[in-house]
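> After the structure tokens below, expect a handful of questions from me.
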Amino acid sequence: MTTPILDVHQLRTWYPVRRGLLGRGAAWLRAVDDVTFTVMRGETLAIVGESGCGKSTLGRTILRFVEPTEGNVWLDGHRITEMSRVELRRLRRHMQVVFQDPASSLSPRMRVRDIIAEPLVNFGLAGDRAAVDARVADLLCQVGLPRSAAERYPHEFSGGQRQRIAIARALAPEPDLIICDEAVSALDTSSKAQIVNLLSDLQQRLGLALLFISHDLAVVEHIADRVAVMYLGKIVEIGERAALFEQPAHPYTRALLSAVLDPSPARRHARIMLRGEVPSPIDPPSGCRFRTRCPYAFDRCAAEEPELRERPNGQSAACHLDALPALS
Ligand code: SF4
């Protein structure tokens, strides 16, 4: 895990919006605002945060389903943000995506065989019919579905099984990176655990890198090597999963973790109630964007935006405090 497969540098995705009754006065919705990180080969980086924090827009910008306003993204050294549509289509073979809702991402009119074979055809990887059938059977086996599933339609499967089909399709062109955008959020608890185990297993066997976008910290704790926490379009903390879960360095991470019930007393974080609503990304607070909800805010927080700074235990956090106050 020493070479980055994905390198995201100072990425911004801003949308123009109109304000006022007559729609006069331009403003910007800062969905993703100056985000920088890398994902190593074979690594799982989780992007977490509440709904609306910009994490799904970040995934879509990396895939260039949404055009970035500024910044750069490299996949295995190739600058995605500068590519033509034709070049991008070719490179997509190496970067696949699994969405939250397989019911809408799998065509109901196609048989599973054709759904899984589609990327093989699109990327010019399909051989003759026998070779495609053998590859589809192998992919179904890798995701724990029987060979006979190839002849059926998506509606004949449960939500968890449909997500296995979506994963098989993502694996078909042998990508280096899969972006999982809330890939288990719509599943029941048991299917969720099974899909998380499947993704971990595939990742280890195939050396895949995963960018795992999720609001569910309990799931993230099981799958991530590192975790990046987003708030109002920015990464406020990033670090190794174990260190970040044991000793969060940013008040927002601490508050998110406190909302996750942990049965082990040593790991139970005292519940921190955040005050107020998440501010609008059109008009974020001055200085630290978290200051209107932070229990530890002080004068400097309104005047100066904190940078992501590395802490002694390896995490980086965007907070003026060197250490969080002890919990009583
Ligand atoms: Fe809270 Fe200030 Fe740290 Fe922001 S910089 S998280 S407001 S203490």
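Labeling convention for the structure tokens: chains A, B, ... as they appear, residues from 1 per chain, ligands from 1 in order of appearance.
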Could you list, as number ranges by chain, every residue within 12 Å of stretch 127-131 of chain A, counting only C-alpha atoms and ignoring same-chain residues fewer than 6 positions away?

A: 113-114, 117, 120-121, 137-138

> For stretch 64-78 of chain A, find every residue with an atom within 8 Å (counting only C-alpha atoms), except residues of its own chain fewer than 4 positions away, and show them as a list in words.

Pro4, Ile5, Leu6, Asp7, Val8, His9, Gln10, Leu11, Arg12, Thr13, Trp14, Asp34, Thr57 and Arg60 of chain A

> So that each row is one residue of chain A with an atom at most 8 Å from ligand 1, can you give its shortest atom pair and the distance in Å to one decimal, using only C-alpha atoms and all ligand atoms, rows by chain and rising number, as a tab-separated table?


residue	atom	partner	partner_atom_place_in_ligand_line	distance
A:His250	CA	ligand 1	6 (S)	6.0
A:Pro251	CA	ligand 1	6 (S)	5.4
A:Tyr252	CA	ligand 1	6 (S)	6.8
A:Gly287	CA	ligand 1	5 (S)	7.8
A:Cys288	CA	ligand 1	4 (Fe)	4.6
A:Arg289	CA	ligand 1	4 (Fe)	6.7
A:Phe290	CA	ligand 1	4 (Fe)	5.2
A:Arg291	CA	ligand 1	7 (S)	3.5
A:Thr292	CA	ligand 1	7 (S)	7.1
A:Arg293	CA	ligand 1	7 (S)	7.6
A:Cys294	CA	ligand 1	1 (Fe)	4.7
A:Pro295	CA	ligand 1	1 (Fe)	6.7
A:Tyr296	CA	ligand 1	8 (S)	4.7
A:Ala297	CA	ligand 1	7 (S)	4.0
A:Phe298	CA	ligand 1	2 (Fe)	5.9
A:Arg300	CA	ligand 1	2 (Fe)	7.1
A:Cys301	CA	ligand 1	2 (Fe)	4.3
A:Ala302	CA	ligand 1	7 (S)	7.4
A:Glu305	CA	ligand 1	5 (S)	7.2
A:Pro306	CA	ligand 1	5 (S)	5.7
A:Ala318	CA	ligand 1	5 (S)	6.7
A:Cys319	CA	ligand 1	3 (Fe)	3.6
A:His320	CA	ligand 1	5 (S)	4.4
A:Leu321	CA	ligand 1	3 (Fe)	5.6

> Name the closest residue to A:Leu63 among the candidates A:Ala218, A:Ala149, A:Cys141, A:Leu211; distances are taken between atoms, counting only C-alpha atoms.

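Of all the options, A:Leu211 lies closest to A:Leu63.
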
> Just the number, please: distance in Å from atom CA of A:Phe212 to atom CA of A:Gly276, one decimal.

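Taking atom CA of A:Phe212 and atom CA of A:Gly276, their separation equals 28.1 Å.
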
> Counting only C-alpha atoms, which of A:Val112, A:Ala150, A:Val219, A:Leu257 gets nearest to A:Ser190?

A:Val219

> Residues at most 6 Å from stretch 191-206 of chain A, counting only C-alpha atoms, excluding those fewer than 4 positions away in the same chain, as a ChimeraX atom specification?

/A:160,184,187
